[in-house]
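Taking it in order: structure first as structure tokens, then the write-up.
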Amino acid sequence: MRTPVLTRDNVPEALREAFDHETANTGGTVTSGPGSAMINSPEMRRRANSLVNYLRDESTLPKRIQELAMIVTARANDCQFIWNAHAAGARREGIPDAFVDALRDGQPLPELQADEQAVVNLGQEFFSTRKVSDATFQAAHDQFGAQGLTELCTLFGYYALLAFNANTFLIDLPEQRTEAVLPI
């Protein structure tokens with residue numbers, strides 16, 4: 001990682017409450033993952049965590065769809081950390097191994113179920129063009145409705161935020177990995 005591990009002593013007094021809140025379960029520091037970069041702004045991290053906790057735990061989207069969106073985002077952003085953290089989860093949630101492997105390796109993707117395909121099409125189209133066509137929007141809306149589509153778009157955006165931090169701060173991969181790294 002490009003910055004030292006932040007400790008309470010290095011946090012301005014006005015941000016110590018947020019820092020303490022964000023490090024309460026980790027022994028007073030955050031040493032891995034995009035959160036280890038985001039803790040440099042403790043209040044921002046606390047607010048970001050409120051959003052991700054909603055997306056992960058209260059969203060209308062099934063876990064299978066969430067994990068798929070996460071790996072599509074990881075691949076689109078060449079983010080080794082997010083890929084490593086979520087490829088196995090996507091497999092456990094029922095995303096076919098052939099799809100996960102092809103996505104990782106930049107190979108042609110096998111067709112998926114309609115809801116999964118809508119996720120892939122939306123994510124890949126947006127990340128490659130920064131826009132979404134009417135047809136792609138409508139297919140995703142048909143699958144998830146307005147609320148689910150909004151949550152899906154926000155999930156893509158949140159994991160792009162994490163990828164930006166992980167890639168910028170050069171967040172290390174854990175030594176124990178179950179997935180092959182992205183060929184980038």
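The way I read the labels, and the way they are meant: chains A, B, ... in the order of the structure tokens, residue 1 as the first residue of every chain, and ligand 1 as the first ligand shown, with later ones counted on from there.
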
Near-Gln124 (chain A) list (9 Å; only C-alpha atoms; drop same-chain fewer than 5 positions) as a list in words: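 Skipping anything fewer than 5 positions along the chain leaves Val72, Thr73, Ala76, Val119 and Thr129 of chain A.
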
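By chain and then residue number, the residues within 10 Å of Asn165 (chain A) are A:Gly33, A:Pro34, A:Gly35, A:Ser36, A:Ala37, A:Met38, A:Cys79, A:Tyr159, A:Ile171, counting only C-alpha atoms and disregarding those fewer than 6 positions away in sequence.
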
I'd like the contact shell of Val100 (chain A) - 8 Å cut-off, only C-alpha atoms, skipping same-chain residues fewer than 6 positions apart - returned as a list in words.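 Within the cut-off, the hits are Ala87, Ala90 and Arg91 of chain A.
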
Arg177 (chain A): which residues within 10 Å, counting only C-alpha atoms, same-chain residues fewer than 4 positions away excluded, as a ChimeraX atom specification? /A:84-85,88,173,181

Write a file of the selected residues as a PDB file, in the first residue's frame, keeping all heavy atoms.
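selection01.pdb, freshly written:
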ATOM      1  N   ASN A  84     -10.446 -10.784  -6.448  1.00  0.00           N
ATOM      2  CA  ASN A  84     -10.092 -11.806  -5.472  1.00  0.00           C
ATOM      3  C   ASN A  84     -11.149 -11.934  -4.377  1.00  0.00           C
ATOM      4  O   ASN A  84     -11.466 -13.032  -3.935  1.00  0.00           O
ATOM      5  CB  ASN A  84      -8.723 -11.498  -4.855  1.00  0.00           C
ATOM      6  CG  ASN A  84      -8.317 -12.540  -3.850  1.00  0.00           C
ATOM      7  OD1 ASN A  84      -7.991 -13.667  -4.208  1.00  0.00           O
ATOM      8  ND2 ASN A  84      -8.367 -12.178  -2.588  1.00  0.00           N
ATOM      9  N   ALA A  85     -11.710 -10.826  -3.961  1.00  0.00           N
ATOM     10  CA  ALA A  85     -12.685 -10.836  -2.872  1.00  0.00           C
ATOM     11  C   ALA A  85     -14.049 -11.390  -3.288  1.00  0.00           C
ATOM     12  O   ALA A  85     -14.801 -11.863  -2.438  1.00  0.00           O
ATOM     13  CB  ALA A  85     -12.850  -9.424  -2.306  1.00  0.00           C
ATOM     14  N   ALA A  88     -14.926 -15.939  -6.057  1.00  0.00           N
ATOM     15  CA  ALA A  88     -15.366 -17.181  -5.409  1.00  0.00           C
ATOM     16  C   ALA A  88     -16.802 -17.045  -4.907  1.00  0.00           C
ATOM     17  O   ALA A  88     -17.586 -18.001  -4.986  1.00  0.00           O
ATOM     18  CB  ALA A  88     -14.426 -17.551  -4.269  1.00  0.00           C
ATOM     19  N   LEU A 173      -2.995  -7.860  -2.335  1.00  0.00           N
ATOM     20  CA  LEU A 173      -3.847  -9.037  -2.259  1.00  0.00           C
ATOM     21  C   LEU A 173      -3.437  -9.853  -1.038  1.00  0.00           C
ATOM     22  O   LEU A 173      -2.260  -9.883  -0.677  1.00  0.00           O
ATOM     23  CB  LEU A 173      -3.680  -9.899  -3.508  1.00  0.00           C
ATOM     24  CG  LEU A 173      -4.303  -9.356  -4.781  1.00  0.00           C
ATOM     25  CD1 LEU A 173      -3.864 -10.191  -5.981  1.00  0.00           C
ATOM     26  CD2 LEU A 173      -5.807  -9.344  -4.667  1.00  0.00           C
ATOM     27  N   VAL A 181      -5.381 -14.577 -10.414  1.00  0.00           N
ATOM     28  CA  VAL A 181      -5.426 -13.136 -10.586  1.00  0.00           C
ATOM     29  C   VAL A 181      -5.887 -12.789 -12.000  1.00  0.00           C
ATOM     30  O   VAL A 181      -5.824 -13.614 -12.914  1.00  0.00           O
ATOM     31  CB  VAL A 181      -4.047 -12.481 -10.296  1.00  0.00           C
ATOM     32  CG1 VAL A 181      -3.652 -12.663  -8.841  1.00  0.00           C
ATOM     33  CG2 VAL A 181      -2.987 -12.994 -11.236  1.00  0.00           C
TER      34      VAL A 181
END

Point out the residue among A:Glu179, A:Asp97, A:Glu125, A:Asp172 with the least atom-to-atom distance to Leu112 (chain A), counting only C-alpha atoms.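 Closest to Leu112 (chain A) of all the choices is A:Asp97.
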
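Picture a line from CA of Ala146 (chain A) to CA of Gln117 (chain A); it runs 17.3 Å.
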
Any idea what the distance is between CA of Leu182 (chain A) and CA of Phe81 (chain A)? 9.6 Å

Assign secondary structure with DSSP using the backbone only, and return the residues of region 84-167 of chain A in helix (DSSP H, G or I) as a PyMOL selection string. chain A and resi 84-92+97-105+114-129+134-167

Region 21-31 of chain A environment, 10 Å, only C-alpha atoms, sequence neighbours closer than 6 positions dropped, as a list in words: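 Counting only C-alpha atoms, the residues come to Met1, Pro4, Val5, Leu6, Thr7, Arg8, Ala37, Met38, Ile39, Asn40, Pro42, Glu43, Arg45, Arg46, Asn49, Ile171 and Asp172 of chain A.
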
With only C-alpha atoms as the counted atoms, please give the residues lying no more than 10 Å from Phe144 (chain A), apart from itself and same-chain residues fewer than 4 positions off, as a compact mmCIF listing (two decimals) with all heavy atoms, in the first residue's frame.
# COMPACT_ATOMS: atom_id res chain seq x y z
N THR A 60 -32.85 -5.09 -2.60
CA THR A 60 -33.81 -6.03 -3.19
C THR A 60 -33.10 -7.02 -4.12
O THR A 60 -33.73 -7.99 -4.56
CB THR A 60 -34.89 -5.27 -3.98
OG1 THR A 60 -34.27 -4.53 -5.04
CG2 THR A 60 -35.67 -4.32 -3.08
N LEU A 61 -31.85 -6.78 -4.43
CA LEU A 61 -31.12 -7.64 -5.37
C LEU A 61 -30.64 -8.91 -4.68
O LEU A 61 -30.05 -8.86 -3.60
CB LEU A 61 -29.90 -6.90 -5.93
CG LEU A 61 -30.19 -5.63 -6.72
CD1 LEU A 61 -28.89 -4.90 -7.02
CD2 LEU A 61 -30.98 -5.94 -7.98
N ASP A 115 -31.82 -12.55 -16.09
CA ASP A 115 -31.50 -11.51 -15.10
C ASP A 115 -29.99 -11.31 -15.00
O ASP A 115 -29.51 -10.17 -14.93
CB ASP A 115 -32.13 -11.82 -13.74
CG ASP A 115 -31.69 -13.13 -13.11
OD1 ASP A 115 -31.11 -14.00 -13.80
OD2 ASP A 115 -31.95 -13.29 -11.90
N ALA A 118 -28.74 -9.43 -18.07
CA ALA A 118 -29.07 -8.00 -17.99
C ALA A 118 -28.01 -7.26 -17.16
O ALA A 118 -27.63 -6.13 -17.49
CB ALA A 118 -30.46 -7.81 -17.39
N VAL A 119 -27.53 -7.89 -16.10
CA VAL A 119 -26.48 -7.29 -15.27
C VAL A 119 -25.20 -7.13 -16.07
O VAL A 119 -24.58 -6.06 -16.08
CB VAL A 119 -26.22 -8.15 -14.01
CG1 VAL A 119 -24.99 -7.66 -13.25
CG2 VAL A 119 -27.45 -8.15 -13.11
N GLN A 138 -33.85 -0.96 -20.74
CA GLN A 138 -35.16 -1.60 -20.64
C GLN A 138 -35.05 -3.06 -20.20
O GLN A 138 -35.85 -3.53 -19.39
CB GLN A 138 -35.92 -1.51 -21.97
CG GLN A 138 -37.37 -1.89 -21.85
CD GLN A 138 -38.13 -0.98 -20.87
OE1 GLN A 138 -38.09 0.23 -20.97
NE2 GLN A 138 -38.80 -1.59 -19.89
N ALA A 139 -34.06 -3.77 -20.71
CA ALA A 139 -33.88 -5.17 -20.31
C ALA A 139 -33.60 -5.27 -18.81
O ALA A 139 -34.15 -6.14 -18.12
CB ALA A 139 -32.75 -5.81 -21.11
N ALA A 140 -32.75 -4.38 -18.29
CA ALA A 140 -32.45 -4.39 -16.85
C ALA A 140 -33.67 -3.95 -16.05
O ALA A 140 -33.97 -4.53 -15.00
CB ALA A 140 -31.24 -3.51 -16.55
N GLY A 148 -34.81 -1.90 -8.06
CA GLY A 148 -33.69 -2.82 -8.23
C GLY A 148 -32.65 -2.30 -9.20
O GLY A 148 -31.44 -2.45 -8.96
N LEU A 149 -33.09 -1.66 -10.27
CA LEU A 149 -32.15 -1.11 -11.24
C LEU A 149 -31.35 0.03 -10.62
O LEU A 149 -30.14 0.14 -10.83
CB LEU A 149 -32.89 -0.64 -12.50
CG LEU A 149 -32.04 -0.01 -13.60
CD1 LEU A 149 -30.87 -0.90 -14.00
CD2 LEU A 149 -32.92 0.32 -14.80
N THR A 150 -32.00 0.85 -9.82
CA THR A 150 -31.30 1.92 -9.13
C THR A 150 -30.26 1.35 -8.17
O THR A 150 -29.11 1.82 -8.11
CB THR A 150 -32.30 2.81 -8.37
OG1 THR A 150 -33.23 3.35 -9.30
CG2 THR A 150 -31.60 3.94 -7.62
N GLU A 151 -30.64 0.30 -7.44
CA GLU A 151 -29.69 -0.33 -6.52
C GLU A 151 -28.55 -0.99 -7.30
O GLU A 151 -27.39 -0.93 -6.87
CB GLU A 151 -30.41 -1.35 -5.64
CG GLU A 151 -31.36 -0.68 -4.66
CD GLU A 151 -32.24 -1.63 -3.88
OE1 GLU A 151 -32.17 -2.87 -4.09
OE2 GLU A 151 -33.01 -1.14 -3.05
N LEU A 152 -28.85 -1.58 -8.44
CA LEU A 152 -27.81 -2.20 -9.26
C LEU A 152 -26.82 -1.15 -9.76
O LEU A 152 -25.60 -1.34 -9.66
CB LEU A 152 -28.45 -2.96 -10.43
CG LEU A 152 -27.48 -3.64 -11.40
CD1 LEU A 152 -26.61 -4.68 -10.69
CD2 LEU A 152 -28.29 -4.29 -12.53

For CA of Ile65 (chain A) and CA of Glu116 (chain A), determine how far apart the two atoms are, in Å to one decimal place. 6.5 Å

In terms of the shortest atom-to-atom distance over only C-alpha atoms, which of A:Ile71, A:Leu155, A:Ala166, A:Leu103 is closest to Trp83 (chain A)?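 Result for the nearest residue to Trp83 (chain A): A:Ile71.
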
For Ala160 (chain A), which residue out of A:Arg92, A:Asp105, A:Gly145, A:Met70 is the nearest one, using only C-alpha atoms?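 Smallest separation from Ala160 (chain A) among the options: A:Met70.
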
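Checking A:Leu109, A:Arg56, A:Ser41, A:Ala102 one by one against Asn10 (chain A), counting only C-alpha atoms, you find the shortest gap at A:Ser41.
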